[in-house]
file query_6.csv (CSV, C-alpha atoms)
chain,number,residue,atom,x,y,z
G,1,MET,CA,86.6,-4.6,27.7
G,2,LEU,CA,86.6,-7.6,30.0
G,3,GLU,CA,89.8,-9.6,30.2
G,4,ASN,CA,89.8,-12.9,28.2
G,5,ILE,CA,89.4,-15.6,30.9
G,6,GLU,CA,89.3,-19.3,29.8
G,7,VAL,CA,86.1,-21.0,30.9
G,8,SER,CA,84.6,-24.5,30.4
G,9,ARG,CA,82.2,-24.5,27.4
G,10,VAL,CA,80.9,-28.0,28.1
G,11,LYS,CA,79.9,-28.9,31.7
G,12,ARG,CA,79.4,-32.5,32.7
G,13,PHE,CA,77.2,-33.9,35.4
G,14,ALA,CA,77.1,-37.5,36.8
G,15,ALA,CA,73.8,-39.3,37.2
G,16,ASN,CA,71.6,-38.1,40.0
G,17,THR,CA,71.2,-41.3,42.2
G,18,ALA,CA,69.4,-39.5,45.0
G,19,GLY,CA,66.6,-37.5,43.3
G,20,ARG,CA,65.2,-36.3,40.0
G,21,ASP,CA,66.7,-34.1,37.3
G,22,PHE,CA,64.5,-31.6,35.4
G,23,ALA,CA,65.1,-29.3,32.4
G,24,VAL,CA,63.1,-26.1,32.0
G,25,GLY,CA,62.6,-23.7,29.1
G,26,ASP,CA,63.6,-20.0,28.8
G,27,ILE,CA,63.0,-18.1,32.0
G,28,HIS,CA,63.5,-14.4,30.9
G,29,GLY,CA,63.3,-12.9,34.4
G,30,HIS,CA,60.3,-14.7,35.7
G,31,PHE,CA,61.7,-16.6,38.6
G,32,THR,CA,58.6,-16.4,40.8
G,33,ARG,CA,56.6,-18.2,38.0
G,34,LEU,CA,59.3,-20.7,37.7
G,35,GLN,CA,59.3,-21.4,41.5
G,36,THR,CA,55.5,-21.9,41.3
G,37,ALA,CA,56.1,-24.6,38.6
G,38,LEU,CA,58.7,-26.3,40.7
G,39,ASP,CA,56.5,-26.3,43.7
G,40,ALA,CA,53.7,-27.9,41.7
G,41,ALA,CA,56.0,-30.7,40.6
G,42,GLY,CA,57.1,-31.4,44.1
G,43,PHE,CA,60.7,-30.3,43.4
G,44,ASP,CA,63.0,-31.1,46.3
G,45,PRO,CA,66.1,-28.9,46.3
G,46,ALA,CA,67.8,-31.2,48.7
G,47,ILE,CA,68.1,-34.0,46.2
G,48,ASP,CA,66.6,-32.8,42.8
G,49,ARG,CA,68.5,-30.7,40.2
G,50,LEU,CA,67.2,-28.2,37.7
G,51,PHE,CA,68.9,-27.7,34.3
G,52,SER,CA,68.0,-24.5,32.3
G,53,VAL,CA,68.2,-24.1,28.6
G,54,GLY,CA,69.2,-20.5,29.2
G,55,ASP,CA,67.8,-17.0,28.5
G,56,LEU,CA,67.7,-16.4,32.2
G,57,VAL,CA,67.2,-12.6,31.8
G,58,ASP,CA,65.6,-9.8,29.7
G,59,ARG,CA,61.9,-9.1,29.2
G,60,GLY,CA,60.7,-10.1,32.7
G,61,PRO,CA,60.6,-8.1,36.0
G,62,GLU,CA,63.0,-10.2,38.1
G,63,CYS,CA,66.2,-10.2,36.1
G,64,ARG,CA,68.3,-9.1,39.0
G,65,ALA,CA,67.2,-12.2,40.9
G,66,VAL,CA,69.3,-14.3,38.6
G,67,ILE,CA,72.3,-13.8,40.8
G,68,ASP,CA,70.5,-15.5,43.7
G,69,TRP,CA,69.5,-18.4,41.4
G,70,LEU,CA,73.0,-18.8,40.0
G,71,ALA,CA,74.1,-19.3,43.6
G,72,LYS,CA,71.7,-22.2,44.2
G,73,PRO,CA,73.7,-25.5,44.1
G,74,TRP,CA,70.9,-27.3,42.3
G,75,PHE,CA,70.4,-24.8,39.5
G,76,HIS,CA,72.5,-25.4,36.3
G,77,PRO,CA,71.9,-23.3,33.2
G,78,VAL,CA,73.5,-23.1,29.7
G,79,ARG,CA,74.1,-19.8,28.1
G,80,GLY,CA,71.3,-18.4,25.9
G,81,ASN,CA,71.6,-15.6,23.4
G,82,HIS,CA,70.2,-13.1,25.9
G,83,ASP,CA,72.7,-14.3,28.6
G,84,ASP,CA,75.5,-13.8,26.0
G,85,TYR,CA,74.5,-10.1,25.8
G,86,VAL,CA,75.4,-9.8,29.4
G,87,VAL,CA,78.8,-11.5,28.8
G,88,ARG,CA,79.5,-9.1,26.0
G,89,PHE,CA,77.8,-6.0,27.5
G,90,ASP,CA,80.8,-3.7,26.7
G,91,THR,CA,81.1,-4.8,23.0
G,92,CYS,CA,77.6,-5.9,21.9
G,93,ASP,CA,74.9,-4.0,20.0
G,94,VAL,CA,73.4,-2.3,23.0
G,95,ASP,CA,70.5,-0.7,21.1
G,96,ASN,CA,69.4,-4.1,19.8
G,97,TRP,CA,69.7,-5.6,23.2
G,98,VAL,CA,67.6,-2.9,24.8
G,99,TYR,CA,65.0,-3.3,22.1
G,100,ASN,CA,64.8,-7.0,23.0
G,101,GLY,CA,64.4,-6.5,26.8
G,102,GLY,CA,67.8,-5.4,28.0
G,103,SER,CA,66.8,-2.1,29.5
G,104,TRP,CA,67.1,-3.5,33.0
G,105,PHE,CA,70.9,-4.0,32.5
G,106,ALA,CA,71.4,-0.6,30.9
G,107,GLY,CA,70.2,1.0,34.1
G,108,LEU,CA,72.8,-0.6,36.3
G,109,ALA,CA,76.0,1.0,37.5
G,110,TRP,CA,79.1,-0.1,35.5
G,111,ASP,CA,80.6,-2.0,38.4
G,112,GLU,CA,77.4,-3.9,38.8
G,113,GLN,CA,77.2,-4.6,35.1
G,114,ARG,CA,80.7,-6.0,35.2
G,115,GLU,CA,79.8,-8.3,38.1
G,116,PHE,CA,76.9,-9.7,36.2
G,117,ALA,CA,79.2,-10.3,33.2
G,118,VAL,CA,81.8,-12.1,35.3
G,119,GLN,CA,79.2,-14.5,36.7
G,120,PHE,CA,77.5,-15.0,33.3
G,121,ARG,CA,80.9,-15.8,31.7
G,122,ASP,CA,81.0,-18.9,33.9
G,123,ILE,CA,77.8,-20.3,32.3
G,124,PRO,CA,78.7,-23.0,29.8
G,125,ILE,CA,77.5,-23.3,26.2
G,126,ALA,CA,76.6,-27.0,26.6
G,127,ILE,CA,75.7,-29.3,29.4
G,128,GLU,CA,75.9,-33.1,29.5
G,129,VAL,CA,73.9,-35.1,32.1
G,130,GLU,CA,74.3,-38.8,32.6
G,131,THR,CA,71.0,-40.7,33.2
G,132,ALA,CA,70.2,-44.4,33.5
G,133,GLY,CA,68.9,-44.4,30.0
G,134,GLY,CA,71.9,-42.6,28.5
G,135,LEU,CA,73.5,-39.2,28.0
G,136,ILE,CA,71.3,-36.1,27.8
G,137,GLY,CA,72.7,-32.9,26.1
G,138,ILE,CA,71.4,-29.4,26.8
G,139,LEU,CA,71.8,-26.3,24.6
G,140,HIS,CA,69.9,-23.1,24.3
G,141,ALA,CA,68.9,-23.3,20.6
G,142,ASP,CA,70.3,-26.1,18.6
G,143,CYS,CA,73.1,-28.5,17.8
G,144,PRO,CA,74.6,-27.4,14.4
G,145,PHE,CA,76.1,-30.9,13.8
G,146,PRO,CA,74.7,-34.4,13.2
G,147,SER,CA,76.5,-35.7,16.3
G,148,TRP,CA,77.1,-34.6,19.8
G,149,ASP,CA,80.7,-35.8,19.7
G,150,GLN,CA,81.4,-33.3,16.9
G,151,LEU,CA,79.8,-30.5,18.8
G,152,ARG,CA,81.8,-31.3,21.9
G,153,THR,CA,85.1,-31.4,19.9
G,154,GLU,CA,84.2,-28.1,18.2
G,155,LEU,CA,83.6,-26.4,21.6
G,156,GLU,CA,86.5,-27.9,23.5
G,157,ALA,CA,89.2,-27.8,20.8
G,158,PRO,CA,88.2,-25.2,18.2
G,159,GLU,CA,90.4,-24.8,15.2
G,160,SER,CA,90.1,-21.0,15.5
G,161,ASN,CA,88.4,-18.3,17.4
G,162,LYS,CA,86.4,-17.4,14.3
G,163,ARG,CA,85.2,-21.0,14.0
G,164,LEU,CA,84.3,-21.1,17.8
G,165,LYS,CA,82.3,-18.0,17.5
G,166,LEU,CA,80.3,-19.5,14.6
G,167,VAL,CA,79.6,-22.7,16.5
G,168,GLN,CA,78.6,-20.9,19.7
G,169,ASN,CA,76.3,-18.5,17.8
G,170,SER,CA,74.6,-21.5,16.2
G,171,CYS,CA,74.1,-23.1,19.6
G,172,MET,CA,72.6,-20.0,21.0
G,173,TRP,CA,70.6,-18.6,18.0
G,174,SER,CA,69.7,-21.2,15.4
G,175,ARG,CA,66.1,-22.0,14.7
G,176,SER,CA,66.7,-24.0,11.6
G,177,ARG,CA,65.7,-27.4,13.1
G,178,ILE,CA,62.4,-26.3,14.5
G,179,GLN,CA,61.5,-24.2,11.5
G,180,ASP,CA,62.3,-27.0,9.0
G,181,ALA,CA,60.6,-29.7,11.2
G,182,ASP,CA,63.9,-31.5,10.9
G,183,SER,CA,63.6,-34.9,12.7
G,184,SER,CA,67.0,-36.2,11.8
G,185,GLY,CA,68.1,-35.9,15.5
G,186,VAL,CA,71.6,-35.8,17.0
G,187,ALA,CA,73.7,-38.9,17.2
G,188,GLY,CA,75.7,-39.9,20.3
G,189,ILE,CA,73.2,-38.9,22.9
G,190,ARG,CA,69.9,-40.2,24.2
G,191,ALA,CA,68.2,-36.8,23.8
G,192,LEU,CA,69.0,-33.1,23.2
G,193,VAL,CA,67.0,-30.5,25.2
G,194,VAL,CA,66.7,-27.0,23.8
G,195,GLY,CA,64.6,-23.8,24.1
G,196,HIS,CA,64.8,-20.5,22.3
G,197,THR,CA,61.7,-20.8,20.2
G,198,PRO,CA,58.4,-20.3,22.1
G,199,LEU,CA,55.8,-23.0,21.5
G,200,ARG,CA,52.3,-23.8,22.7
G,201,GLN,CA,53.6,-27.1,24.0
G,202,PRO,CA,56.8,-29.1,23.7
G,203,ALA,CA,57.9,-30.4,20.3
G,204,VAL,CA,59.9,-33.6,19.9
G,205,LEU,CA,61.8,-33.8,16.6
G,206,GLY,CA,63.8,-37.0,16.4
G,207,ASN,CA,65.6,-37.0,19.8
G,208,VAL,CA,65.5,-33.2,20.1
G,209,TYR,CA,63.1,-31.9,22.7
G,210,HIS,CA,62.0,-28.2,22.3
G,211,ILE,CA,60.7,-27.1,25.7
G,212,ASP,CA,60.3,-23.3,25.7
G,213,THR,CA,56.5,-23.1,26.3
G,214,ALA,CA,56.6,-19.4,26.9
G,215,GLY,CA,56.2,-19.4,30.7
G,216,TRP,CA,57.6,-15.9,30.5
G,217,MET,CA,54.9,-14.5,28.2
G,218,GLY,CA,51.6,-16.0,29.1
G,219,GLY,CA,52.3,-19.7,28.5
G,220,HIS,CA,53.5,-22.1,31.1
G,221,PHE,CA,56.8,-23.5,32.2
G,222,THR,CA,57.4,-27.1,31.1
G,223,LEU,CA,59.5,-29.3,33.3
G,224,LEU,CA,61.1,-32.2,31.4
G,225,ASP,CA,62.1,-35.2,33.6
G,226,LEU,CA,65.5,-36.2,32.2
G,227,ALA,CA,65.1,-39.8,33.4
G,228,SER,CA,61.7,-40.5,31.8
G,229,LEU,CA,61.7,-37.8,29.2
G,230,LYS,CA,58.1,-37.0,30.3
G,231,CYS,CA,56.8,-33.4,30.6
G,232,THR,CA,55.1,-31.7,33.5
G,233,PRO,CA,52.4,-30.6,32.6
G,234,PRO,CA,51.9,-33.4,30.1
G,235,ILE,CA,51.7,-32.7,26.4
G,236,ASN,CA,48.2,-32.0,25.3
G,237,PRO,CA,47.6,-33.8,21.9
G,238,SER,CA,44.8,-31.4,21.0
G,239,LEU,CA,47.2,-28.5,20.7
G,240,SER,CA,49.6,-27.8,17.9
G,241,TYR,CA,53.1,-26.9,19.0
G,242,ASP,CA,53.2,-23.6,17.1
G,243,TRP,CA,52.9,-20.5,19.2
G,244,GLU,CA,50.4,-18.2,17.6

call {"tool": "encode", "arguments": {"input": "query_6.csv", "output": "structure tokens"}}
result
Amino acid sequence: MLENIEVSRVKRFAANTAGRDFAVGDIHGHFTRLQTALDAAGFDPAIDRLFSVGDLVDRGPECRAVIDWLAKPWFHPVRGNHDDYVVRFDTCDVDNWVYNGGSWFAGLAWDEQREFAVQFRDIPIAIEVETAGGLIGILHADCPFPSWDQLRTELEAPESNKRLKLVQNSCMWSRSRIQDADSSGVAGIRALVVGHTPLRQPAVLGNVYHIDTAGWMGGHFTLLDLASLKCTPPINPSLSYDWE
């Protein structure tokens, strides 16, 4: 089992005064497709930043390329449930992981598996980004609390390891907000950006932006400009947001 190393669960970023900040939905080992979407948006790695809602690996053909992407100074992900499998590779339900796209990892040598786990352990659960319009929060799946301040407290100063595990699992796995069409939103931030649930097009519920438009399985990668909260490509009003 990997040693217990303390890592930051909430990572903060100051406003980008030189370029643009984008968020993108689940990647799942399709980095070439992602790069194509960035090129189409005129992404400039010298001044722009890309924030990922996680699920960097599994299911796609380029999972090992994630190491190169994690080294890019402008690429900043949160941890998705598939990324958490990598962190817990020596204790998780391997059969379930392989069934859900983890066979690429099962084929690696143990030393290489451990190196992936060490790098993925540094990926935070939550990201905060300052913008001119206010603070943006980024999680993989959902915020299980009515306010961002409460989530931050729960992640940074948990009352117990059991409580922390429950909160982290909700952040990485919950679909209750999108399934219930809950538009109550999250207080204390301008917007929350999440993925996890594949949709035909982005869905906005209150101030929560669901942007996994299945670029990894035949859809397209949506890039959300964190300053304007506008999507590239733009939302098509003729489509429902349900993925069928």

call {"tool": "atom_distance", "arguments": {"input": "query_6.csv", "atom1": "CA of Ala227 (chain G)", "atom2": "CA of Gly134 (chain G)"}}
result
8.8 Å

call {"tool": "closest_residue", "arguments": {"input": "query_6.csv", "among": "G:Asn81, G:Ser184, G:Gln119, G:Gln113", "to": "Asp26 (chain G)", "atoms": "all atoms listed in the file"}}
result
G:Asn81

call {"tool": "residues_around", "arguments": {"input": "query_6.csv", "residues": "Pro77 (chain G)", "least_positions_apart": "6", "cutoff": "7 Å", "atoms": "all atoms listed in the file", "output": "list of chain:residue names"}}
result
G:Phe51, G:Ser52, G:Val53, G:Gly54, G:Ile123

call {"tool": "residues_around", "arguments": {"input": "query_6.csv", "residues": "Gly133 (chain G)", "least_positions_apart": "6", "cutoff": "10 Å", "atoms": "all atoms listed in the file", "output": "PDB file with C-alpha atoms, keeping the file's coordinate frame"}}
result
ATOM      1  CA  ILE G 189      73.200 -38.900  22.900  1.00  0.00           C
ATOM      2  CA  ARG G 190      69.900 -40.200  24.200  1.00  0.00           C
ATOM      3  CA  ALA G 191      68.200 -36.800  23.800  1.00  0.00           C
ATOM      4  CA  LEU G 226      65.500 -36.200  32.200  1.00  0.00           C
ATOM      5  CA  ALA G 227      65.100 -39.800  33.400  1.00  0.00           C
ATOM      6  CA  SER G 228      61.700 -40.500  31.800  1.00  0.00           C
ATOM      7  CA  LEU G 229      61.700 -37.800  29.200  1.00  0.00           C
TER       8      LEU G 229
END

call {"tool": "closest_residue", "arguments": {"input": "query_6.csv", "among": "G:Leu135, G:Cys231, G:Val78, G:Leu151", "to": "Arg121 (chain G)", "atoms": "all atoms listed in the file"}}
result
G:Val78

call {"tool": "closest_residue", "arguments": {"input": "query_6.csv", "among": "G:Asp39, G:Ile138, G:Gly25, G:Pro233", "to": "Thr197 (chain G)", "atoms": "all atoms listed in the file"}}
result
G:Gly25

call {"tool": "closest_residue", "arguments": {"input": "query_6.csv", "among": "G:Leu164, G:Ala46, G:Met217, G:Cys143", "to": "Arg177 (chain G)", "atoms": "all atoms listed in the file"}}
result
G:Cys143

call {"tool": "closest_residue", "arguments": {"input": "query_6.csv", "among": "G:Pro73, G:Pro61, G:Gly102, G:Gly137", "to": "Lys11 (chain G)", "atoms": "all atoms listed in the file"}}
result
G:Gly137
